[in-house]
>>> print(open('my_file_39.txt').read())   # compact mmCIF, C-alpha atoms
# COMPACT_ATOMS: atom_id res chain seq x y z
CA MET M 4 21.74 4.40 19.54
CA ILE M 5 18.04 5.18 20.02
CA VAL M 6 15.46 2.39 19.88
CA ILE M 7 11.80 3.37 19.40
CA ALA M 8 9.05 0.83 20.04
CA HIS M 9 6.30 2.00 17.69
CA LEU M 10 2.84 0.66 18.53
CA SER M 11 -0.48 1.57 16.96
CA ASP M 12 -4.20 0.95 17.07
CA PRO M 13 -4.79 -1.04 20.26
CA HIS M 14 -8.49 0.00 20.24
CA LEU M 15 -9.02 -0.86 23.91
CA ASP M 16 -12.71 -1.13 24.80
CA GLY M 17 -12.83 -2.87 28.18
CA SER M 18 -13.01 -6.36 26.70
CA GLU M 19 -10.44 -9.13 27.01
CA GLU M 20 -9.52 -9.62 23.34
CA PRO M 21 -7.86 -6.23 22.63
CA ARG M 22 -6.38 -6.15 26.14
CA SER M 23 -4.72 -9.55 25.68
CA ARG M 24 -3.41 -8.57 22.26
CA LEU M 25 -1.79 -5.44 23.69
CA ARG M 26 -0.32 -7.49 26.52
CA ARG M 27 1.44 -9.73 24.00
CA ILE M 28 3.26 -6.62 22.81
CA THR M 29 4.01 -5.16 26.26
CA SER M 30 5.19 -8.54 27.59
CA TYR M 31 7.56 -8.80 24.64
CA LEU M 32 8.98 -5.35 25.38
CA LYS M 33 9.38 -6.11 29.09
CA ALA M 34 11.57 -9.12 28.22
CA PHE M 35 14.18 -7.00 26.42
CA THR M 36 17.65 -7.27 27.93
CA ARG M 37 18.26 -3.68 26.80
CA PRO M 38 15.10 -1.57 27.27
CA VAL M 39 13.86 0.51 24.39
CA ASP M 40 14.33 4.26 24.80
CA VAL M 41 10.75 5.28 24.13
CA ILE M 42 7.34 3.76 23.37
CA LEU M 43 5.30 5.62 20.75
CA VAL M 44 1.61 4.83 20.20
CA THR M 45 0.23 6.40 17.01
CA GLY M 46 -3.46 6.59 17.75
CA ASP M 47 -6.71 4.73 18.14
CA LEU M 48 -5.78 4.17 21.76
CA ALA M 49 -9.44 3.76 22.71
CA ASP M 50 -12.14 2.23 20.55
CA HIS M 51 -14.95 4.63 21.55
CA GLY M 52 -13.09 7.51 23.20
CA LEU M 53 -14.50 6.76 26.66
CA GLU M 54 -12.89 7.79 29.95
CA SER M 55 -12.87 4.16 31.07
CA GLU M 56 -10.94 3.16 27.94
CA TYR M 57 -8.24 5.76 28.61
CA ALA M 58 -7.98 4.51 32.18
CA GLU M 59 -7.39 1.07 30.70
CA ILE M 60 -4.66 2.44 28.42
CA VAL M 61 -2.91 3.98 31.43
CA ALA M 62 -3.08 0.68 33.32
CA GLU M 63 -1.80 -1.41 30.41
CA LEU M 64 1.05 0.93 29.46
CA SER M 65 2.28 1.54 32.97
CA THR M 66 6.09 1.48 32.74
CA ASP M 67 9.17 3.41 33.77
CA LEU M 68 9.93 4.04 30.08
CA PRO M 69 8.89 7.26 28.34
CA VAL M 70 5.56 6.74 26.57
CA LEU M 71 4.31 9.10 23.86
CA MET M 72 0.71 8.98 22.65
CA LEU M 73 -1.30 10.80 20.01
CA PRO M 74 -4.95 10.55 18.95
CA GLY M 75 -6.51 8.55 16.14
CA ASN M 76 -9.94 8.77 14.57
CA HIS M 77 -11.49 6.58 17.28
CA ASP M 78 -10.18 8.87 20.03
CA VAL M 79 -11.99 11.90 21.49
CA SER M 80 -9.95 14.92 22.51
CA ALA M 81 -11.53 15.92 25.82
CA PRO M 82 -11.58 12.50 27.55
CA LEU M 83 -8.16 11.72 26.04
CA ARG M 84 -6.70 14.90 27.52
CA ALA M 85 -8.32 14.18 30.89
CA GLY M 86 -7.48 10.49 31.05
CA LEU M 87 -3.95 10.78 29.69
CA ALA M 88 -2.99 14.05 31.40
CA SER M 89 0.26 12.56 32.67
CA TYR M 90 1.22 11.42 29.15
CA VAL M 91 -0.08 14.17 26.89
CA ASP M 92 1.53 17.62 26.95
CA SER M 93 -0.51 19.82 24.64
CA PRO M 94 -1.81 23.37 25.19
CA GLY M 95 -5.55 23.95 25.09
CA ASP M 96 -8.48 21.85 26.21
CA GLY M 97 -9.90 20.40 22.99
CA HIS M 98 -8.97 19.56 19.41
CA PRO M 99 -6.29 19.37 18.03
CA VAL M 100 -3.87 17.63 20.39
CA HIS M 101 -0.47 18.61 18.96
CA GLN M 102 2.71 17.98 20.95
CA VAL M 103 6.48 18.39 20.71
CA ARG M 104 8.41 16.01 22.94
CA GLU M 105 12.14 15.45 23.30
CA VAL M 106 13.19 11.99 24.50
CA ALA M 107 16.56 10.21 24.44
CA GLY M 108 18.13 12.90 22.28
CA ALA M 109 15.38 12.78 19.63
CA ARG M 110 12.57 15.22 18.90
CA PHE M 111 9.09 13.82 18.31
CA VAL M 112 6.59 16.12 16.63
CA LEU M 113 3.22 14.52 17.40
CA VAL M 114 0.62 15.79 14.95
CA ASP M 115 -3.13 15.36 15.49
CA SER M 116 -4.40 14.45 12.02
CA THR M 117 -7.94 13.63 13.18
CA VAL M 118 -11.21 15.32 12.27
CA PRO M 119 -13.72 15.19 15.17
CA GLY M 120 -16.55 12.81 14.33
CA GLU M 121 -14.95 11.57 11.11
CA ASP M 122 -12.70 8.65 10.17
CA HIS M 123 -10.56 10.39 7.55
CA GLY M 124 -7.64 12.65 8.41
CA LEU M 125 -7.04 16.31 7.56
CA LEU M 126 -4.55 18.96 8.63
CA SER M 127 -5.99 22.47 8.82
CA ASN M 128 -4.05 25.53 7.72
CA ASP M 129 -3.41 26.33 11.39
CA SER M 130 -2.04 22.82 11.98
CA LEU M 131 0.19 23.05 8.92
CA ALA M 132 1.50 26.44 10.05
CA TRP M 133 2.23 25.00 13.52
CA LEU M 134 4.06 22.03 11.99
CA ASP M 135 6.04 24.26 9.66
CA GLY M 136 7.13 26.44 12.57
CA VAL M 137 8.22 23.49 14.69
CA LEU M 138 10.23 21.92 11.87
CA ARG M 139 12.04 25.20 11.21
CA GLU M 140 13.40 25.19 14.75
CA PRO M 141 16.99 23.93 14.86
CA PHE M 142 17.54 20.64 16.65
CA ASP M 143 20.74 18.66 17.03
CA GLY M 144 19.43 15.12 16.74
CA PRO M 145 16.92 12.95 14.87
CA VAL M 146 13.50 14.47 14.25
CA PHE M 147 10.41 12.29 13.82
CA VAL M 148 6.97 13.45 12.75
CA ALA M 149 4.29 11.10 14.07
CA MET M 150 0.65 11.14 13.03
CA HIS M 151 -2.21 8.66 12.90
CA HIS M 152 -3.22 8.94 9.24
CA PRO M 153 -0.45 8.13 6.73
CA PRO M 154 -0.14 10.35 3.63
CA LEU M 155 -0.80 7.55 1.14
CA GLU M 156 -3.39 5.36 -0.51
CA LEU M 157 -3.60 1.75 0.65
CA HIS M 158 -5.40 0.68 -2.56
CA HIS M 159 -8.18 -0.72 -0.40
CA PRO M 160 -11.76 0.21 -1.41
CA VAL M 161 -12.86 0.89 2.17
CA MET M 162 -9.71 2.16 3.90
CA ASP M 163 -8.91 4.67 1.16
CA GLN M 164 -12.07 6.60 2.08
CA TRP M 165 -10.54 7.17 5.52
CA MET M 166 -7.02 8.24 4.62
CA LEU M 167 -5.42 11.67 4.99
CA HIS M 168 -7.19 14.12 2.70
CA ASP M 169 -5.67 17.15 0.96
CA ARG M 170 -2.06 16.04 1.29
CA GLU M 171 -0.65 18.83 -0.88
CA GLY M 172 -0.28 21.24 2.04
CA LEU M 173 1.57 18.68 4.11
CA GLU M 174 3.87 17.91 1.19
CA THR M 175 4.71 21.59 0.88
CA VAL M 176 5.52 21.87 4.59
CA LEU M 177 7.68 18.74 4.70
CA THR M 178 9.60 19.20 1.45
CA GLY M 179 13.17 20.26 2.14
CA LYS M 180 12.87 19.97 5.91
CA THR M 181 15.44 18.13 8.03
CA LEU M 182 13.45 15.07 9.06
CA THR M 183 14.41 11.50 9.96
CA ALA M 184 11.08 9.77 9.26
CA ILE M 185 7.30 10.04 9.35
CA LEU M 186 5.76 7.47 11.74
CA THR M 187 2.11 6.51 11.27
CA GLY M 188 -0.66 4.06 12.12
CA HIS M 189 -4.33 3.77 11.09
CA VAL M 190 -4.08 1.18 8.32
CA HIS M 191 -3.31 -1.76 10.67
CA ASN M 192 -0.43 -2.84 8.45
CA PRO M 193 3.36 -2.43 8.41
CA ILE M 194 3.98 0.17 5.73
CA VAL M 195 7.24 1.36 4.18
CA THR M 196 7.11 4.12 1.57
CA THR M 197 8.15 7.74 1.06
CA PHE M 198 6.41 11.12 1.08
CA ALA M 199 7.86 14.56 0.29
CA GLY M 200 11.30 12.96 0.15
CA HIS M 201 11.10 11.36 3.60
CA PRO M 202 10.58 7.75 4.78
CA VAL M 203 7.06 6.85 5.90
CA LEU M 204 7.02 3.95 8.36
CA GLY M 205 3.66 2.59 9.51
CA ALA M 206 3.22 0.28 12.49
CA PRO M 207 1.14 -2.90 12.30
CA GLY M 208 -2.24 -2.91 14.02
CA ILE M 209 -2.39 -4.35 17.52
CA ARG M 210 -6.15 -4.95 17.51
CA SER M 211 -6.32 -6.40 13.98
CA THR M 212 -4.94 -6.39 10.44
CA VAL M 213 -6.54 -5.08 7.25
CA PRO M 214 -5.92 -7.56 4.38
CA LEU M 215 -5.67 -6.11 0.90
CA PRO M 216 -8.33 -7.15 -1.65
CA PHE M 217 -5.95 -9.41 -3.59
CA GLU M 218 -4.78 -11.37 -0.52
CA PRO M 219 -6.24 -14.79 0.36
CA PRO M 220 -9.50 -14.56 2.31
CA THR M 221 -9.30 -14.93 6.09
CA SER M 222 -11.52 -16.82 8.48
CA GLY M 223 -13.16 -13.58 9.57
CA SER M 224 -15.45 -11.29 7.63
CA GLY M 225 -15.48 -7.58 6.93
CA VAL M 226 -12.59 -5.15 6.56
CA VAL M 227 -10.40 -6.37 9.42
CA ASP M 228 -8.82 -9.70 10.32
CA ARG M 229 -8.81 -10.13 14.10
CA THR M 230 -7.01 -13.48 13.91
CA ALA M 231 -3.69 -12.05 12.62
CA HIS M 232 -0.90 -11.66 15.16
CA PRO M 233 -0.54 -8.21 16.74
CA GLY M 234 2.69 -6.48 15.84
CA LEU M 235 4.93 -3.48 16.38
CA ALA M 236 7.79 -1.67 14.68
CA LEU M 237 11.23 -1.19 16.18
CA HIS M 238 12.99 1.86 14.76
CA VAL M 239 16.73 1.90 15.47
CA HIS M 240 18.58 5.18 14.98
CA THR M 241 22.37 5.15 15.15
CA PRO M 242 24.26 8.42 14.53
CA GLY M 243 25.92 8.41 11.13
CA GLU M 244 23.86 5.47 9.86
CA ALA M 245 20.56 5.08 8.04
CA LEU M 246 17.48 4.47 10.16
CA GLN M 247 16.64 0.77 10.48
CA THR M 248 13.12 -0.57 11.05
CA LEU M 249 12.29 -4.12 12.12
CA TYR M 250 8.76 -5.49 12.40
CA ARG M 251 7.93 -7.99 15.11
CA PHE M 252 4.79 -10.11 15.69
CA PRO M 253 5.18 -11.74 19.13
CA LEU M 254 3.35 -15.01 19.70
>>> encode(input="my_file_39.txt", output="C-alpha cells")
Amino acid sequence: MIVIAHLSDPHLDGSEEPRSRLRRITSYLKAFTRPVDVILVTGDLADHGLESEYAEIVAELSTDLPVLMLPGNHDVSAPLRAGLASYVDSPGDGHPVHQVREVAGARFVLVDSTVPGEDHGLLSNDSLAWLDGVLREPFDGPVFVAMHHPPLELHHPVMDQWMLHDREGLETVLTGKTLTAILTGHVHNPIVTTFAGHPVLGAPGIRSTVPLPFEPPTSGSGVVDRTAHPGLALHVHTPGEALQTLYRFPL
C-alpha cells in the first residue's frame, strides 16, 4: 500500500497566517501512527517567488519523508530551483521545471504547467513531447502525473481565466496511456473528475478556498475565502484495487 499526502497552494509569504495554516497540515501528518510514503505539493509554494519564501518552505516541510514539489503560477523558476535544490531534480536552470521521480514503488511525473509572468497554464509542444516520451517508458507500478493547473473549467468567472489553456494536446498525449491518476492544485478546492479517460484529483487549498458563485457568501470578500479550513488529499494505492482518495481538513 502506498499513501500519498497531497498538499497544494500554501502561498507562503513570510507572514504568520499562511505559515500557521500549513502547520495545521504538517502537524496532522506528524501525528500519523503509520507515516505516509510521500508528500506531494502541487504548486504555489511561494506567494511571490522570493528566495526568502522558498527558505520558509524548506523550514516548514523539513521531514524525513520524501517530499516532491512542483511550481505553480505564483512561483518563479530561478529562485525555486536555487532555494529548493535539495528537493527539485530537474535539468536546466530556468523554465520549465519538469521532473520524474520514483518513490515507494510509484513513478511521479511532475509537469510544469506554468507560463512565466502569467496566471493561466499552458503546455508547450516541447513539454507535451517530453511528457509523451516519459509516459511511453515501461514502469512496473502506479504512475501519477502531477501538475498545478487542472485540465478543467471550474465554472467560476474569475478562476476560469486562469485555467490550463489549449488542453487538446494534453488530451492527445494522455489518451490510451497507462496512468493511475492526474494530481492537481491551483483551484483551492478538492476536485474529482476525469480527463482523457483518467481520474483527475485536485487537492484543497492550504492558504484559502475559492467558493463557487452559487455558494453562500462568506465573511471575506473577493475571490478567495481565507476563513475556510486548510485541507489535503490522501491518495491510497493498493495493488489490485482502485485508487482511493480521502479529503481531510484538520482543525
>>> residues_around(input="my_file_39.txt", residues="Leu73 of chain M", least_positions_apart="3", cutoff="7 Å", atoms="only C-alpha atoms", output="list in words")
Val44, Thr45, Gly46, Leu113 and Asp115 of chain M
>>> closest_atom_pairs(input="my_file_39.txt", of="segment 6-125 of chain M", to="segment 205-215 of chain M", cutoff="7 Å", atoms="all atoms listed in the file", output="Markdown table")
| residue | atom | partner | partner_atom | distance |
| --- | --- | --- | --- | --- |
| M:His9 | CA | M:Ala206 | CA | 6.3 |
| M:Leu10 | CA | M:Ala206 | CA | 6.1 |
| M:Ser11 | CA | M:Gly208 | CA | 5.6 |
| M:Asp12 | CA | M:Gly208 | CA | 5.3 |
| M:Pro13 | CA | M:Ile209 | CA | 4.9 |
| M:His14 | CA | M:Arg210 | CA | 6.1 |
| M:Pro21 | CA | M:Arg210 | CA | 5.5 |
| M:Arg24 | CA | M:Ile209 | CA | 6.4 |
| M:Leu25 | CA | M:Ile209 | CA | 6.3 |
>>> residues_around(input="my_file_39.txt", residues="Phe142 of chain M", least_positions_apart="4", cutoff="9 Å", atoms="only C-alpha atoms", output="PDB file with C-alpha atoms, in the coordinates of the input")
ATOM      1  CA  ALA M 109      15.380  12.780  19.630  1.00  0.00           C
ATOM      2  CA  ARG M 110      12.570  15.220  18.900  1.00  0.00           C
ATOM      3  CA  LEU M 138      10.230  21.920  11.870  1.00  0.00           C
ATOM      4  CA  VAL M 146      13.500  14.470  14.250  1.00  0.00           C
TER       5      VAL M 146
END
>>> residues_near_point(input="my_file_39.txt", point="(5.9, -4.9, 13.0)", cutoff="6 Å", atoms="all atoms listed in the file", output="count of residues only")
9
>>> atom_distance(input="my_file_39.txt", atom1="atom CA of His51 of chain M", atom2="atom CA of Leu155 of chain M")
25.0 Å
>>> closest_residue(input="my_file_39.txt", among="M:Asp122, M:Met150, M:Ser80, M:Ser30", to="Gln164 of chain M", atoms="only C-alpha atoms")
M:Asp122
>>> residues_around(input="my_file_39.txt", residues="Arg27 of chain M", least_positions_apart="3", cutoff="8 Å", atoms="all atoms listed in the file", output="ChimeraX atom specification")
/M:23-24,30-31,233,253-254
>>> axis_aligned_box(input="my_file_39.txt", around="segment 45-57 of chain M", padding_each_side="8 Å", output="lines of an AutoDock Vina configuration file")
center_x = -7.4
center_y = 5.0
center_z = 24.0
size_x = 31.2
size_y = 21.6
size_z = 30.1
>>> residues_around(input="my_file_39.txt", residues="Ala149 of chain M", least_positions_apart="5", cutoff="7 Å", atoms="all atoms listed in the file", output="list in words")
Thr45, Phe111, Val112, Leu113, Val114, Ile185, Leu186 and Thr187 of chain M
>>> closest_atom_pairs(input="my_file_39.txt", of="segment 125-172 of chain M", to="segment 239-246 of chain M", cutoff="12 Å", atoms="only C-alpha atoms", output="tab-separated table")
residue	atom	partner	partner_atom	distance
M:Asp143	CA	M:Pro242	CA	11.1
M:Gly144	CA	M:Pro242	CA	8.6
M:Pro145	CA	M:His240	CA	7.9
M:Val146	CA	M:His240	CA	10.6
M:Phe147	CA	M:His240	CA	10.9
>>> atom_distance(input="my_file_39.txt", atom1="atom CA of Ala107 of chain M", atom2="atom CA of Asp40 of chain M")
6.4 Å
>>> atom_distance(input="my_file_39.txt", atom1="atom CA of Thr29 of chain M", atom2="atom CA of Gly86 of chain M")
20.0 Å
>>> residues_around(input="my_file_39.txt", residues="Glu121 of chain M", least_positions_apart="5", cutoff="9 Å", atoms="all atoms listed in the file", output="MDAnalysis selection string")
chainID M and resid 76:77 165
>>> closest_residue(input="my_file_39.txt", among="M:His191, M:His232, M:Arg26, M:Lys33", to="Met162 of chain M", atoms="only C-alpha atoms")
M:His191
>>> closest_residue(input="my_file_39.txt", among="M:Pro160, M:Arg170, M:Gly225, M:Pro202", to="Thr248 of chain M", atoms="only C-alpha atoms")
M:Pro202
>>> build_atoms(input="my_file_39.txt", residues="segment 240-253 of chain M", atoms="N, CA, C and O atoms", output="short mmCIF file (atom, residue, chain, number, x, y, z; two decimals), in the frame of the given file")
data_model
loop_
_atom_site.label_atom_id
_atom_site.label_comp_id
_atom_site.auth_asym_id
_atom_site.auth_seq_id
_atom_site.Cartn_x
_atom_site.Cartn_y
_atom_site.Cartn_z
N HIS M 240 17.80 4.06 15.53
CA HIS M 240 18.58 5.18 14.98
C HIS M 240 19.97 5.19 15.59
O HIS M 240 20.13 5.25 16.81
N THR M 241 20.97 5.09 14.74
CA THR M 241 22.37 5.15 15.15
C THR M 241 23.01 6.34 14.45
O THR M 241 22.90 6.44 13.22
N PRO M 242 23.64 7.25 15.18
CA PRO M 242 24.26 8.42 14.53
C PRO M 242 25.20 8.01 13.40
O PRO M 242 26.00 7.08 13.54
N GLY M 243 25.06 8.68 12.27
CA GLY M 243 25.92 8.41 11.13
C GLY M 243 25.46 7.26 10.26
O GLY M 243 26.11 6.97 9.24
N GLU M 244 24.36 6.60 10.64
CA GLU M 244 23.86 5.47 9.86
C GLU M 244 22.40 5.72 9.47
O GLU M 244 21.70 6.53 10.08
N ALA M 245 21.95 5.00 8.44
CA ALA M 245 20.56 5.08 8.04
C ALA M 245 19.65 4.47 9.10
O ALA M 245 20.03 3.52 9.79
N LEU M 246 18.46 5.02 9.23
CA LEU M 246 17.48 4.47 10.16
C LEU M 246 17.12 3.05 9.75
O LEU M 246 16.90 2.76 8.57
N GLN M 247 17.06 2.15 10.72
CA GLN M 247 16.64 0.77 10.48
C GLN M 247 15.29 0.53 11.15
O GLN M 247 15.06 0.99 12.27
N THR M 248 14.42 -0.21 10.48
CA THR M 248 13.12 -0.57 11.05
C THR M 248 12.94 -2.08 10.94
O THR M 248 13.14 -2.66 9.87
N LEU M 249 12.58 -2.69 12.06
CA LEU M 249 12.29 -4.12 12.12
C LEU M 249 10.86 -4.28 12.59
O LEU M 249 10.41 -3.58 13.50
N TYR M 250 10.13 -5.21 11.98
CA TYR M 250 8.76 -5.49 12.40
C TYR M 250 8.72 -6.82 13.14
O TYR M 250 9.31 -7.80 12.71
N ARG M 251 8.03 -6.82 14.26
CA ARG M 251 7.93 -7.99 15.11
C ARG M 251 6.46 -8.32 15.38
O ARG M 251 5.65 -7.40 15.59
N PHE M 252 6.16 -9.63 15.44
CA PHE M 252 4.79 -10.11 15.69
C PHE M 252 4.86 -11.19 16.77
O PHE M 252 4.86 -12.39 16.47
N PRO M 253 4.97 -10.76 18.05
CA PRO M 253 5.18 -11.74 19.13
C PRO M 253 4.02 -12.73 19.25
O PRO M 253 2.85 -12.37 19.10
#
